[in-house]
Structure formats: structure tokens, C-alpha cells
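As stored in entry.cif (mmCIF, C-alpha atoms):
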data_structure
#
loop_
_atom_site.label_atom_id
_atom_site.label_comp_id
_atom_site.auth_asym_id
_atom_site.auth_seq_id
_atom_site.Cartn_x
_atom_site.Cartn_y
_atom_site.Cartn_z
CA MET A 8 0.00 0.00 0.00
CA ALA A 9 1.23 3.50 -0.84
CA PRO A 10 1.69 5.78 2.18
CA ARG A 11 -0.82 8.61 2.62
CA SER A 12 1.89 11.23 2.02
CA GLY A 13 5.65 11.58 1.45
CA CYS A 14 6.25 12.92 4.97
CA PRO A 15 8.83 10.93 7.00
CA ILE A 16 6.84 11.33 10.24
CA ASN A 17 3.76 9.93 8.54
CA ALA A 18 5.82 7.09 7.05
CA ALA A 19 7.00 6.04 10.52
CA VAL A 20 3.53 6.36 11.98
CA GLU A 21 2.12 4.14 9.23
CA ALA A 22 4.90 1.55 9.65
CA LEU A 23 4.49 1.34 13.42
CA GLY A 24 0.77 1.05 13.04
CA ASP A 25 -1.25 1.25 16.17
CA GLN A 26 -0.63 1.17 19.90
CA TRP A 27 -0.26 -2.58 20.07
CA SER A 28 2.55 -2.69 17.52
CA LEU A 29 4.66 -0.44 19.73
CA ILE A 30 3.85 -2.55 22.79
CA VAL A 31 4.86 -5.74 20.93
CA LEU A 32 8.17 -4.14 19.89
CA ARG A 33 8.72 -3.05 23.51
CA ASP A 34 8.26 -6.64 24.71
CA ILE A 35 10.61 -8.05 22.08
CA ILE A 36 13.29 -5.41 22.84
CA PHE A 37 13.13 -5.21 26.64
CA GLY A 38 11.64 -8.61 27.50
CA ASP A 39 13.65 -10.55 24.91
CA ARG A 40 10.47 -12.47 24.06
CA ARG A 41 10.88 -14.12 20.71
CA SER A 42 7.98 -16.54 20.27
CA PHE A 43 4.26 -15.97 19.86
CA ARG A 44 3.64 -17.92 23.08
CA GLU A 45 6.10 -15.84 25.16
CA LEU A 46 4.66 -12.60 23.81
CA LEU A 47 1.11 -13.69 24.54
CA ASN A 48 1.66 -15.17 28.01
CA GLY A 49 4.01 -12.44 29.22
CA SER A 50 1.83 -9.52 28.12
CA LEU A 51 1.44 -7.03 30.95
CA GLU A 52 -1.39 -5.31 29.11
CA GLY A 53 -3.17 -8.56 28.30
CA ILE A 54 -2.91 -8.45 24.50
CA ALA A 55 -5.51 -10.68 22.82
CA SER A 56 -4.23 -13.56 20.74
CA ASN A 57 -5.84 -12.36 17.47
CA ILE A 58 -4.46 -8.82 17.94
CA LEU A 59 -0.96 -10.17 18.64
CA SER A 60 -1.15 -12.32 15.55
CA SER A 61 -2.23 -9.47 13.27
CA ARG A 62 0.35 -7.02 14.69
CA LEU A 63 3.20 -9.51 14.27
CA LYS A 64 2.15 -10.01 10.64
CA SER A 65 2.05 -6.28 9.96
CA LEU A 66 5.42 -5.69 11.68
CA VAL A 67 6.94 -8.38 9.42
CA ALA A 68 5.27 -6.80 6.37
CA ALA A 69 6.62 -3.36 7.36
CA GLY A 70 10.16 -4.76 7.60
CA LEU A 71 10.54 -4.30 11.36
CA LEU A 72 10.58 -7.99 12.26
CA SER A 73 11.62 -11.18 10.52
CA HIS A 74 10.05 -14.55 11.24
CA GLU A 75 11.56 -18.02 11.17
CA PRO A 76 8.65 -20.45 11.09
CA ALA A 77 8.53 -23.43 13.44
CA GLU A 78 10.22 -26.60 12.19
CA ARG A 79 10.42 -30.04 13.69
CA GLY A 80 11.88 -29.72 17.17
CA ARG A 81 12.23 -25.92 16.95
CA ARG A 82 9.75 -23.18 17.81
CA GLY A 83 8.94 -20.33 15.47
CA ARG A 84 10.90 -17.24 16.35
CA TYR A 85 10.68 -13.50 15.68
CA SER A 86 13.78 -11.32 15.31
CA LEU A 87 14.18 -7.58 15.00
CA THR A 88 15.56 -6.34 11.69
CA GLU A 89 17.97 -3.37 11.64
CA ALA A 90 14.94 -1.14 10.94
CA GLY A 91 13.23 -2.69 13.98
CA ILE A 92 16.30 -2.13 16.18
CA GLN A 93 16.27 1.52 15.14
CA THR A 94 12.80 2.01 16.61
CA LEU A 95 14.54 2.03 20.02
CA PRO A 96 14.94 5.87 20.09
CA ILE A 97 11.20 6.24 19.37
CA ILE A 98 10.24 3.83 22.15
CA VAL A 99 12.64 5.51 24.59
CA ALA A 100 11.24 8.96 23.69
CA LEU A 101 7.74 7.62 24.42
CA GLY A 102 8.92 6.24 27.77
CA ASN A 103 10.59 9.52 28.76
CA TRP A 104 7.33 11.33 28.12
CA GLY A 105 5.50 8.73 30.24
CA LEU A 106 7.97 9.21 33.10
CA ASP A 107 7.35 12.95 33.12
CA TRP A 108 3.62 13.13 32.48
CA ARG A 109 2.08 9.99 33.91
CA THR A 110 2.30 8.07 37.17
CA GLY A 111 2.94 4.33 37.08
CA THR A 112 4.50 1.38 38.83
CA PRO A 113 8.03 1.88 40.30
CA GLU A 114 9.42 -1.45 39.04
CA LEU A 115 8.10 -0.66 35.55
CA ARG A 116 9.62 2.85 35.60
CA ILE A 117 13.10 2.03 36.85
CA ARG A 118 14.44 0.78 33.50
CA GLN A 119 13.27 3.92 31.72
CA GLN A 120 14.85 6.06 34.45
CA LEU A 121 18.13 4.16 34.09
CA MET A 122 18.16 4.70 30.30
CA ARG A 123 17.50 8.40 30.78
CA ASP A 124 20.23 8.74 33.43
CA GLU A 125 22.76 6.88 31.28
CA GLY A 126 22.09 8.93 28.15
CA PRO A 127 22.65 8.29 24.43
CA SER A 128 25.78 6.10 24.72
CA PHE A 129 23.78 3.52 26.69
CA LEU A 130 21.25 3.37 23.85
CA ASP A 131 24.03 2.92 21.31
CA ASP A 132 25.41 0.00 23.35
CA PHE A 133 21.92 -1.44 23.73
CA MET A 134 21.35 -1.30 19.95
CA ASP A 135 24.70 -3.08 19.48
CA GLU A 136 23.52 -5.78 21.88
CA LEU A 137 20.24 -6.13 19.96
CA ARG A 138 22.28 -6.61 16.76
CA VAL A 139 24.12 -9.48 18.45
CA ARG A 140 20.93 -11.07 19.78
CA HIS A 141 18.72 -10.59 16.73
CA LEU A 142 21.00 -10.28 13.70
CA GLY A 143 23.86 -12.53 14.77
CA ALA A 144 26.35 -9.65 14.71
CA ALA A 145 29.69 -10.05 16.47
CA PRO A 146 29.81 -8.18 19.80
CA ALA A 147 31.46 -4.76 19.37
CA ARG A 148 32.94 -4.96 22.89
CA PRO A 149 32.76 -8.56 24.12
CA ASP A 150 33.82 -7.73 27.70
CA ALA A 151 31.44 -4.77 28.20
CA PRO A 152 28.49 -5.31 30.58
CA SER A 153 25.23 -6.15 28.79
CA PRO A 154 22.80 -3.20 28.76
CA LEU A 155 19.86 -5.64 28.77
CA ALA A 156 21.30 -7.43 31.84
CA ARG A 157 21.72 -4.05 33.60
CA LEU A 158 18.11 -3.11 32.84
CA GLN A 159 16.91 -6.50 34.03
CA ALA A 160 18.95 -6.26 37.26
CA ALA A 161 17.48 -2.81 38.00
CA PHE A 162 13.97 -4.17 37.44
CA GLU A 163 14.58 -7.16 39.72
CA GLU A 164 16.09 -5.07 42.50
CA GLN A 165 13.15 -2.64 42.40
CA SER A 166 10.69 -5.56 42.37
CA ARG A 167 12.33 -7.03 45.51
CA ASN A 168 12.16 -3.66 47.26
CA ALA A 169 8.48 -3.41 46.43
CA GLY A 170 7.74 -6.98 47.54
CA MET B 12 -9.94 5.30 32.22
CA ALA B 13 -7.15 3.50 34.04
CA PRO B 14 -4.13 2.65 31.84
CA ARG B 15 -3.63 -0.99 30.93
CA SER B 16 -0.40 -1.14 32.94
CA GLY B 17 1.95 1.05 34.99
CA CYS B 18 4.62 1.08 32.26
CA PRO B 19 5.69 4.58 31.09
CA ILE B 20 5.97 3.47 27.45
CA ASN B 21 2.44 2.11 27.55
CA ALA B 22 1.22 5.32 29.25
CA ALA B 23 2.60 7.43 26.39
CA VAL B 24 1.22 5.10 23.76
CA GLU B 25 -2.23 5.29 25.34
CA ALA B 26 -2.09 9.10 25.63
CA LEU B 27 -1.01 9.58 22.03
CA GLY B 28 -3.70 7.23 20.89
CA ASP B 29 -3.60 6.24 17.28
CA GLN B 30 -1.80 7.30 14.11
CA TRP B 31 -4.03 10.29 13.49
CA SER B 32 -3.35 11.83 16.90
CA LEU B 33 0.36 12.01 16.08
CA ILE B 34 -0.38 13.49 12.65
CA VAL B 35 -2.63 16.15 14.21
CA LEU B 36 0.11 17.07 16.71
CA ARG B 37 2.61 17.25 13.84
CA ASP B 38 0.37 19.71 11.96
CA ILE B 39 -0.13 21.90 15.04
CA ILE B 40 3.61 21.92 15.83
CA PHE B 41 5.13 22.29 12.35
CA GLY B 42 2.24 23.87 10.45
CA ASP B 43 1.18 26.21 13.27
CA ARG B 44 -2.44 25.29 12.48
CA ARG B 45 -4.60 26.19 15.42
CA SER B 46 -8.23 25.91 14.30
CA PHE B 47 -10.33 22.92 13.31
CA ARG B 48 -10.77 24.42 9.83
CA GLU B 49 -7.03 24.94 9.23
CA LEU B 50 -6.27 21.42 10.43
CA LEU B 51 -8.94 19.92 8.19
CA ASN B 52 -8.25 21.91 5.04
CA GLY B 53 -4.45 21.74 5.29
CA SER B 54 -4.27 18.01 5.90
CA LEU B 55 -1.73 16.40 3.60
CA GLU B 56 -3.06 12.95 4.43
CA GLY B 57 -6.69 13.94 3.94
CA ILE B 58 -7.93 13.43 7.50
CA ALA B 59 -11.72 13.01 7.65
CA SER B 60 -13.68 15.60 9.58
CA ASN B 61 -15.14 13.12 12.10
CA ILE B 62 -11.71 11.59 12.78
CA LEU B 63 -10.15 15.03 13.30
CA SER B 64 -12.93 15.96 15.69
CA SER B 65 -12.57 12.79 17.78
CA ARG B 66 -8.76 13.01 17.89
CA LEU B 67 -8.81 16.66 19.00
CA LYS B 68 -11.21 15.72 21.81
CA SER B 69 -9.04 12.84 22.98
CA LEU B 70 -5.85 14.98 22.82
CA VAL B 71 -7.59 17.58 25.03
CA ALA B 72 -8.77 14.82 27.40
CA ALA B 73 -5.22 13.41 27.59
CA GLY B 74 -3.87 16.85 28.53
CA LEU B 75 -1.83 17.39 25.35
CA LEU B 76 -3.95 20.22 23.95
CA SER B 77 -6.14 22.94 25.42
CA HIS B 78 -9.11 24.42 23.61
CA GLU B 79 -10.55 27.93 23.71
CA PRO B 80 -14.04 27.66 22.25
CA ALA B 81 -15.22 30.11 19.58
CA GLU B 82 -16.82 33.34 20.85
CA ARG B 83 -18.44 36.18 19.01
CA GLY B 84 -15.97 37.49 16.46
CA ARG B 85 -13.27 34.97 17.42
CA ARG B 86 -12.60 31.46 16.13
CA GLY B 87 -12.07 28.51 18.41
CA ARG B 88 -8.41 27.75 18.86
CA TYR B 89 -6.28 24.80 20.00
CA SER B 90 -3.02 25.26 21.89
CA LEU B 91 -0.35 22.81 22.93
CA THR B 92 0.06 22.30 26.66
CA GLU B 93 3.54 21.78 28.13
CA ALA B 94 2.88 18.01 27.94
CA GLY B 95 1.96 18.49 24.26
CA ILE B 96 5.11 20.49 23.57
CA GLN B 97 7.15 17.68 25.10
CA THR B 98 5.90 15.23 22.49
CA LEU B 99 8.34 16.93 20.07
CA PRO B 100 11.18 14.46 20.80
CA ILE B 101 8.82 11.56 20.05
CA ILE B 102 7.69 13.09 16.76
CA VAL B 103 11.27 13.90 15.77
CA ALA B 104 12.37 10.32 16.60
CA LEU B 105 9.58 9.04 14.34
CA GLY B 106 10.69 11.39 11.54
CA ASN B 107 14.33 10.31 11.84
CA TRP B 108 13.26 6.71 11.43
CA GLY B 109 11.18 7.68 8.37
CA LEU B 110 14.19 9.47 6.82
CA ASP B 111 16.33 6.36 7.17
CA TRP B 112 13.87 3.62 6.31
CA ARG B 113 11.33 5.04 3.90
CA THR B 114 11.44 7.11 0.75
CA GLY B 115 9.29 10.21 0.46
CA THR B 116 8.96 13.69 -0.99
CA PRO B 117 12.09 15.94 -0.85
CA GLU B 118 10.21 19.05 0.29
CA LEU B 119 8.56 17.03 3.06
CA ARG B 120 11.88 15.54 4.16
CA ILE B 121 14.01 18.70 4.26
CA ARG B 122 12.69 19.94 7.62
CA GLN B 123 13.38 16.62 9.29
CA GLN B 124 16.87 16.59 7.79
CA LEU B 125 17.51 20.11 9.09
CA MET B 126 16.41 19.12 12.61
CA ARG B 127 18.68 16.09 12.53
CA ASP B 128 21.65 18.13 11.24
CA GLU B 129 21.14 20.83 13.86
CA GLY B 130 20.88 18.38 16.77
CA PRO B 131 19.36 18.62 20.27
CA SER B 132 19.95 22.36 20.86
CA PHE B 133 17.72 23.20 17.89
CA LEU B 134 14.92 21.11 19.44
CA ASP B 135 15.36 22.91 22.76
CA ASP B 136 15.07 26.28 20.99
CA PHE B 137 12.05 25.02 19.04
CA MET B 138 10.31 23.92 22.26
CA ASP B 139 11.02 27.39 23.71
CA GLU B 140 9.39 28.93 20.65
CA LEU B 141 6.36 26.65 21.04
CA ARG B 142 6.05 27.85 24.67
CA VAL B 143 5.93 31.43 23.39
CA ARG B 144 3.37 30.64 20.68
CA HIS B 145 1.12 28.31 22.67
CA LEU B 146 1.58 29.13 26.35
CA GLY B 147 2.26 32.86 26.14
CA ALA B 148 5.74 32.45 27.63
CA ALA B 149 8.26 35.29 27.29
CA PRO B 150 10.90 34.55 24.60
CA ALA B 151 14.05 33.12 26.19
CA ARG B 152 16.24 34.83 23.55
CA PRO B 153 14.17 37.52 21.77
CA ASP B 154 16.81 38.22 19.08
CA ALA B 155 17.50 34.57 18.18
CA PRO B 156 16.22 33.36 14.78
CA SER B 157 12.91 31.48 14.99
CA PRO B 158 13.38 27.71 14.53
CA LEU B 159 9.90 27.49 12.98
CA ALA B 160 10.79 30.23 10.47
CA ARG B 161 14.01 28.37 9.60
CA LEU B 162 12.10 25.12 9.02
CA GLN B 163 9.52 26.94 6.92
CA ALA B 164 12.23 28.67 4.83
CA ALA B 165 13.93 25.33 4.15
CA PHE B 166 10.60 23.84 3.06
CA GLU B 167 9.84 26.76 0.74
CA GLU B 168 13.28 26.73 -0.84
CA GLN B 169 13.07 23.00 -1.50
CA SER B 170 9.54 23.40 -2.93
CA ARG B 171 10.80 26.07 -5.37
CA ASN B 172 13.66 23.82 -6.45
CA ALA B 173 11.20 21.01 -7.08
CA GLY B 174 8.77 23.26 -8.97
#

Have the structure of the file written as C-alpha cells, please.
Amino acid sequence: MAPRSGCPINAAVEALGDQWSLIVLRDIIFGDRRSFRELLNGSLEGIASNILSSRLKSLVAAGLLSHEPAERGRRGRYSLTEAGIQTLPIIVALGNWGLDWRTGTPELRIRQQLMRDEGPSFLDDFMDELRVRHLGAAPARPDAPSPLARLQAAFEEQSRNAG
Amino acid sequence: MAPRSGCPINAAVEALGDQWSLIVLRDIIFGDRRSFRELLNGSLEGIASNILSSRLKSLVAAGLLSHEPAERGRRGRYSLTEAGIQTLPIIVALGNWGLDWRTGTPELRIRQQLMRDEGPSFLDDFMDELRVRHLGAAPARPDAPSPLARLQAAFEEQSRNAG
């Protein structure tokens, strides 16, 4: 389908589709959920199975995800493409706005706060890590701490404090 | 309505609503369109009147816009709130993705390219200008060139070259 205009903002808005597409990308990026089942069962917002299915299809069609179908003994798996990895700055900008203008749950806010405190170089390192995990790239700095592991550790510590 | 989760990314996604809400914010920010009529008639993507009406209402309800109703001799007018002005980084992140991953129309891409080339300080100045235009703030630097005028000049020059 042709886009509604030649504006780059509109092009991105059309590619990302609706609210659920962004939430699915968030769960793939930050939750490292790669299968339909993990995305469905782990959904914090309770995404419906038919919505998840249609959004995954449209994200593949828009070039943001690739899909290896299930084969004998191996589950189907979704991976971010480079274009999908580069949605990270959009998702982080959304999260920064949410930190400032909405209340929420401390353990769900701590990762966003950490990304904001760490600044752009953390996002660059995180995108490099996503290239390793999703595109099979070689690690740029094999001995550097994993940004995803740091985000996960912050989430777990905050969850323990809340519990 | 309660948000579906306490996640700040989800909160922003719910506040911004669907594709058309982002396109309406884009037109208010970059096109300085402040009335229903200007937003409808100027729409590059051909937004339908009932969609525009519902998205303006939900942007007001979400605290991103304020609305002065029409009075005798004066048109109704929409203004960005501070929360609305702070969606600029989200919209710019979307546009940067569109520049990299989609083709489009040169005169519609030149403003996004200029913002990317100028970097974060240009966005800070642009948000200051939006505070003057929409919130009645005093100009931080009265003699500085207007970022909106620079974007508009770049668009017009590119349109002439294309014509």
C-alpha cells in the first residue's frame, strides 16, 4: 500500500501502526520475548491472541521484524531487523514522556529512568547488543556489561524492594 | 480510564492514541495550524472531519492540547500544553526513522533533515518557541532566529527547487 503522504513522520507512523505494535516491539526489545507464546503469556497489558497475531504479521510486512517459522523440534521465532532495532529511540522517547507526564509502577519505571540517566551512549550500546541477539552480529565490545542485563537487574532489585 | 499497565511506554502510547493523533500534533507543531478548519483543510493525508474531531477531543482529554471555544468574532483555537510540547522528541524520533527507512517527498523531508543536522539544541530552541506561541511564555532569547521560520524557509526553498 502506498503511504498517505511523502512525509517521513507519517511514514513512521504508518509503519508502526497502532498502539499494540509499539507494545509488541517493547516486549521483544526489553523482555527478549521471541515466540508468539512468550509474547502472549508475558503480556502485561493482556494483549488478545488475534491482535498479537495481526500485529506480528504487519510488523513483518513493514520490515521491522523477521520470522523463522517453526520446524520439527524448533519453535517459530521472531527477530528484530535493523529497521526494527532503530525504533529504540522512538520507544525511549515515548517512555521519557510517560515518566514525566504519567504516574505508574516503580518497578516498571526504573528501567526507563536508568536509560535516561545513562544517556545516548547507553542506547548505542543497547542497539549493538540487539544486533548481536537478533541479527547474529559479532559483539562490538565482548567484555562490556550487557545493557539488557543491567536493565533486568534494576527491574529485579526494584521488584524485591516493592515486595 | 485507568491505563492498561503502569509502564511509562504504555502510558505514552495510550495518551497519544492512534496514528491520526500524532499526525494532528505534527500539523499543530510544524504547520502552526490552530483551528479545526485549518487542520482539516491543510491536511496532507486527507484526515476526515469526524476523525479530526474525535482526535482533538481525545488529545484535550489526555492533557496534550487545550481548547478555547469560539466566541463572538473569534474562532475557536487549539493550543499545545507543556505536555503536548514535550511530544516533540517523540515526533522527531519518528521522523528520523522515516528518513532512514522510507522514501518520500524531498520538500517534506528537508525539515526533518535540518532538525537532525542541527541536533538537540535546535529542538530545545524550538520547544522554547512553542512555549511562546502556545503558552504565552516570554521569549528566552528575543533576538534569536525562529526555529519554525528556519524550518519553513527550508521547506519553501526546497519546494521552489522542485517546482

Any chance you could lay chain B over chain A, fitting all C-alpha atoms in order by least squares, and write the moved chain as a short mmCIF file (atom, residue, chain, number, x, y, z; two decimals) with C-alpha atoms, in the frame of the given file?
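As a result, result10.cif now contains:
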data_model
loop_
_atom_site.label_atom_id
_atom_site.label_comp_id
_atom_site.auth_asym_id
_atom_site.auth_seq_id
_atom_site.Cartn_x
_atom_site.Cartn_y
_atom_site.Cartn_z
CA MET B 12 0.00 0.04 0.00
CA ALA B 13 1.24 3.51 -0.85
CA PRO B 14 1.69 5.81 2.18
CA ARG B 15 -0.81 8.62 2.61
CA SER B 16 1.89 11.23 2.03
CA GLY B 17 5.64 11.58 1.44
CA CYS B 18 6.27 12.91 4.97
CA PRO B 19 8.84 10.93 7.01
CA ILE B 20 6.85 11.33 10.24
CA ASN B 21 3.76 9.94 8.55
CA ALA B 22 5.83 7.08 7.05
CA ALA B 23 7.00 6.03 10.53
CA VAL B 24 3.54 6.35 11.99
CA GLU B 25 2.12 4.14 9.24
CA ALA B 26 4.90 1.54 9.65
CA LEU B 27 4.49 1.34 13.42
CA GLY B 28 0.78 1.03 13.02
CA ASP B 29 -1.24 1.22 16.17
CA GLN B 30 -0.64 1.16 19.91
CA TRP B 31 -0.25 -2.60 20.09
CA SER B 32 2.54 -2.69 17.52
CA LEU B 33 4.67 -0.45 19.74
CA ILE B 34 3.86 -2.57 22.80
CA VAL B 35 4.86 -5.75 20.94
CA LEU B 36 8.17 -4.16 19.89
CA ARG B 37 8.74 -3.06 23.50
CA ASP B 38 8.26 -6.65 24.72
CA ILE B 39 10.63 -8.07 22.09
CA ILE B 40 13.29 -5.43 22.84
CA PHE B 41 13.13 -5.23 26.65
CA GLY B 42 11.65 -8.63 27.50
CA ASP B 43 13.67 -10.57 24.91
CA ARG B 44 10.48 -12.48 24.06
CA ARG B 45 10.88 -14.11 20.70
CA SER B 46 7.98 -16.54 20.25
CA PHE B 47 4.26 -15.97 19.84
CA ARG B 48 3.64 -17.91 23.07
CA GLU B 49 6.10 -15.85 25.16
CA LEU B 50 4.67 -12.61 23.80
CA LEU B 51 1.11 -13.70 24.54
CA ASN B 52 1.65 -15.18 27.99
CA GLY B 53 4.01 -12.45 29.22
CA SER B 54 1.84 -9.55 28.13
CA LEU B 55 1.45 -7.05 30.94
CA GLU B 56 -1.39 -5.33 29.11
CA GLY B 57 -3.18 -8.57 28.30
CA ILE B 58 -2.91 -8.46 24.50
CA ALA B 59 -5.51 -10.70 22.82
CA SER B 60 -4.23 -13.57 20.73
CA ASN B 61 -5.84 -12.36 17.47
CA ILE B 62 -4.46 -8.84 17.95
CA LEU B 63 -0.96 -10.17 18.64
CA SER B 64 -1.13 -12.33 15.54
CA SER B 65 -2.23 -9.47 13.27
CA ARG B 66 0.34 -7.04 14.70
CA LEU B 67 3.21 -9.52 14.26
CA LYS B 68 2.17 -10.00 10.63
CA SER B 69 2.04 -6.28 9.95
CA LEU B 70 5.42 -5.69 11.69
CA VAL B 71 6.95 -8.38 9.43
CA ALA B 72 5.27 -6.80 6.37
CA ALA B 73 6.62 -3.36 7.36
CA GLY B 74 10.15 -4.77 7.59
CA LEU B 75 10.55 -4.30 11.36
CA LEU B 76 10.59 -7.99 12.26
CA SER B 77 11.63 -11.19 10.51
CA HIS B 78 10.06 -14.55 11.23
CA GLU B 79 11.57 -18.03 11.15
CA PRO B 80 8.64 -20.43 11.06
CA ALA B 81 8.51 -23.43 13.42
CA GLU B 82 10.19 -26.63 12.17
CA ARG B 83 10.37 -30.06 13.66
CA GLY B 84 11.81 -29.75 17.15
CA ARG B 85 12.17 -25.96 16.93
CA ARG B 86 9.71 -23.19 17.79
CA GLY B 87 8.94 -20.34 15.45
CA ARG B 88 10.90 -17.25 16.35
CA TYR B 89 10.68 -13.50 15.67
CA SER B 90 13.77 -11.32 15.30
CA LEU B 91 14.19 -7.59 15.01
CA THR B 92 15.56 -6.34 11.70
CA GLU B 93 17.96 -3.38 11.65
CA ALA B 94 14.93 -1.14 10.95
CA GLY B 95 13.24 -2.70 14.00
CA ILE B 96 16.29 -2.13 16.18
CA GLN B 97 16.27 1.52 15.14
CA THR B 98 12.81 2.01 16.62
CA LEU B 99 14.54 2.05 20.04
CA PRO B 100 14.93 5.86 20.08
CA ILE B 101 11.20 6.23 19.37
CA ILE B 102 10.25 3.83 22.16
CA VAL B 103 12.65 5.51 24.59
CA ALA B 104 11.24 8.96 23.68
CA LEU B 105 7.75 7.63 24.43
CA GLY B 106 8.93 6.24 27.79
CA ASN B 107 10.60 9.52 28.76
CA TRP B 108 7.34 11.32 28.13
CA GLY B 109 5.50 8.72 30.25
CA LEU B 110 7.98 9.22 33.12
CA ASP B 111 7.36 12.95 33.13
CA TRP B 112 3.63 13.12 32.50
CA ARG B 113 2.06 10.00 33.93
CA THR B 114 2.30 8.07 37.16
CA GLY B 115 2.93 4.34 37.09
CA THR B 116 4.51 1.38 38.84
CA PRO B 117 8.04 1.90 40.30
CA GLU B 118 9.41 -1.42 39.04
CA LEU B 119 8.10 -0.64 35.55
CA ARG B 120 9.60 2.86 35.61
CA ILE B 121 13.10 2.04 36.87
CA ARG B 122 14.43 0.80 33.51
CA GLN B 123 13.27 3.93 31.72
CA GLN B 124 14.85 6.06 34.44
CA LEU B 125 18.13 4.17 34.08
CA MET B 126 18.15 4.71 30.30
CA ARG B 127 17.49 8.41 30.77
CA ASP B 128 20.23 8.74 33.43
CA GLU B 129 22.75 6.88 31.30
CA GLY B 130 22.07 8.94 28.16
CA PRO B 131 22.65 8.31 24.43
CA SER B 132 25.78 6.11 24.74
CA PHE B 133 23.79 3.52 26.69
CA LEU B 134 21.23 3.38 23.86
CA ASP B 135 24.02 2.92 21.31
CA ASP B 136 25.42 0.02 23.35
CA PHE B 137 21.92 -1.43 23.73
CA MET B 138 21.35 -1.30 19.96
CA ASP B 139 24.70 -3.08 19.48
CA GLU B 140 23.53 -5.78 21.87
CA LEU B 141 20.24 -6.13 19.96
CA ARG B 142 22.28 -6.61 16.75
CA VAL B 143 24.12 -9.47 18.44
CA ARG B 144 20.93 -11.07 19.77
CA HIS B 145 18.72 -10.59 16.71
CA LEU B 146 21.00 -10.28 13.69
CA GLY B 147 23.87 -12.53 14.75
CA ALA B 148 26.35 -9.65 14.69
CA ALA B 149 29.71 -10.04 16.44
CA PRO B 150 29.81 -8.16 19.79
CA ALA B 151 31.44 -4.75 19.35
CA ARG B 152 32.93 -4.93 22.88
CA PRO B 153 32.76 -8.55 24.12
CA ASP B 154 33.83 -7.71 27.70
CA ALA B 155 31.44 -4.76 28.19
CA PRO B 156 28.50 -5.31 30.58
CA SER B 157 25.24 -6.16 28.79
CA PRO B 158 22.81 -3.20 28.78
CA LEU B 159 19.88 -5.65 28.79
CA ALA B 160 21.30 -7.42 31.85
CA ARG B 161 21.72 -4.05 33.60
CA LEU B 162 18.11 -3.10 32.85
CA GLN B 163 16.90 -6.49 34.04
CA ALA B 164 18.95 -6.24 37.27
CA ALA B 165 17.49 -2.80 38.01
CA PHE B 166 13.97 -4.16 37.46
CA GLU B 167 14.56 -7.15 39.74
CA GLU B 168 16.08 -5.06 42.51
CA GLN B 169 13.17 -2.62 42.42
CA SER B 170 10.67 -5.53 42.40
CA ARG B 171 12.31 -6.99 45.53
CA ASN B 172 12.16 -3.62 47.26
CA ALA B 173 8.48 -3.36 46.42
CA GLY B 174 7.74 -6.93 47.55
#

Residue IDs satisfying the PyMOL selection byres ((chain A) within 10 of (chain B)), as JSON, numbers by chain: {"A": [10, 11, 12, 13, 14, 15, 16, 17, 18, 19, 20, 21, 22, 23, 24, 25, 26, 27, 29, 30, 33, 50, 51, 52, 53, 54, 70, 71, 89, 90, 91, 93, 94, 95, 96, 97, 98, 99, 100, 101, 102, 103, 104, 105, 106, 107, 108, 109, 110, 111, 112, 113, 114, 115, 116, 117, 118, 119, 120]}

Coordinates-based distance that separates CA of Pro158 (chain B) from CA of Leu134 (chain B) (Å, one decimal): 8.4 Å

Explicit residues for the PyMOL selection byres ((chain A and resi 159) around 12) (as a list in words):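 That expression, the PyMOL selection byres ((chain A and resi 159) around 12), corresponds here to Ile36, Phe37, Gly38, Asp39, Glu114, Leu115, Arg116, Ile117, Arg118, Gln119, Leu121, Met122, Ser153, Pro154, Leu155, Ala156, Arg157, Leu158, Ala160, Ala161, Phe162, Glu163, Glu164, Gln165 and Ser166 of chain A.
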
Selection result for the PyMOL selection byres ((chain B and resi 76-90) around 12) on this file, as JSON, numbers by chain: {"B": [26, 27, 32, 35, 36, 38, 39, 40, 43, 44, 45, 46, 47, 48, 49, 50, 64, 66, 67, 68, 69, 70, 71, 72, 73, 74, 75, 91, 92, 93, 94, 95, 96, 97, 98, 141, 142, 143, 144, 145, 146, 147]}

CA of Pro146 (chain A) to CA of Asp132 (chain A), distance in Å rounded to a single decimal: 9.9 Å

CA of Pro131 (chain B) to CA of Ala149 (chain B), distance in Å rounded to a single decimal: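 Atom-to-atom, CA of Pro131 (chain B) to CA of Ala149 (chain B), that is 21.2 Å.
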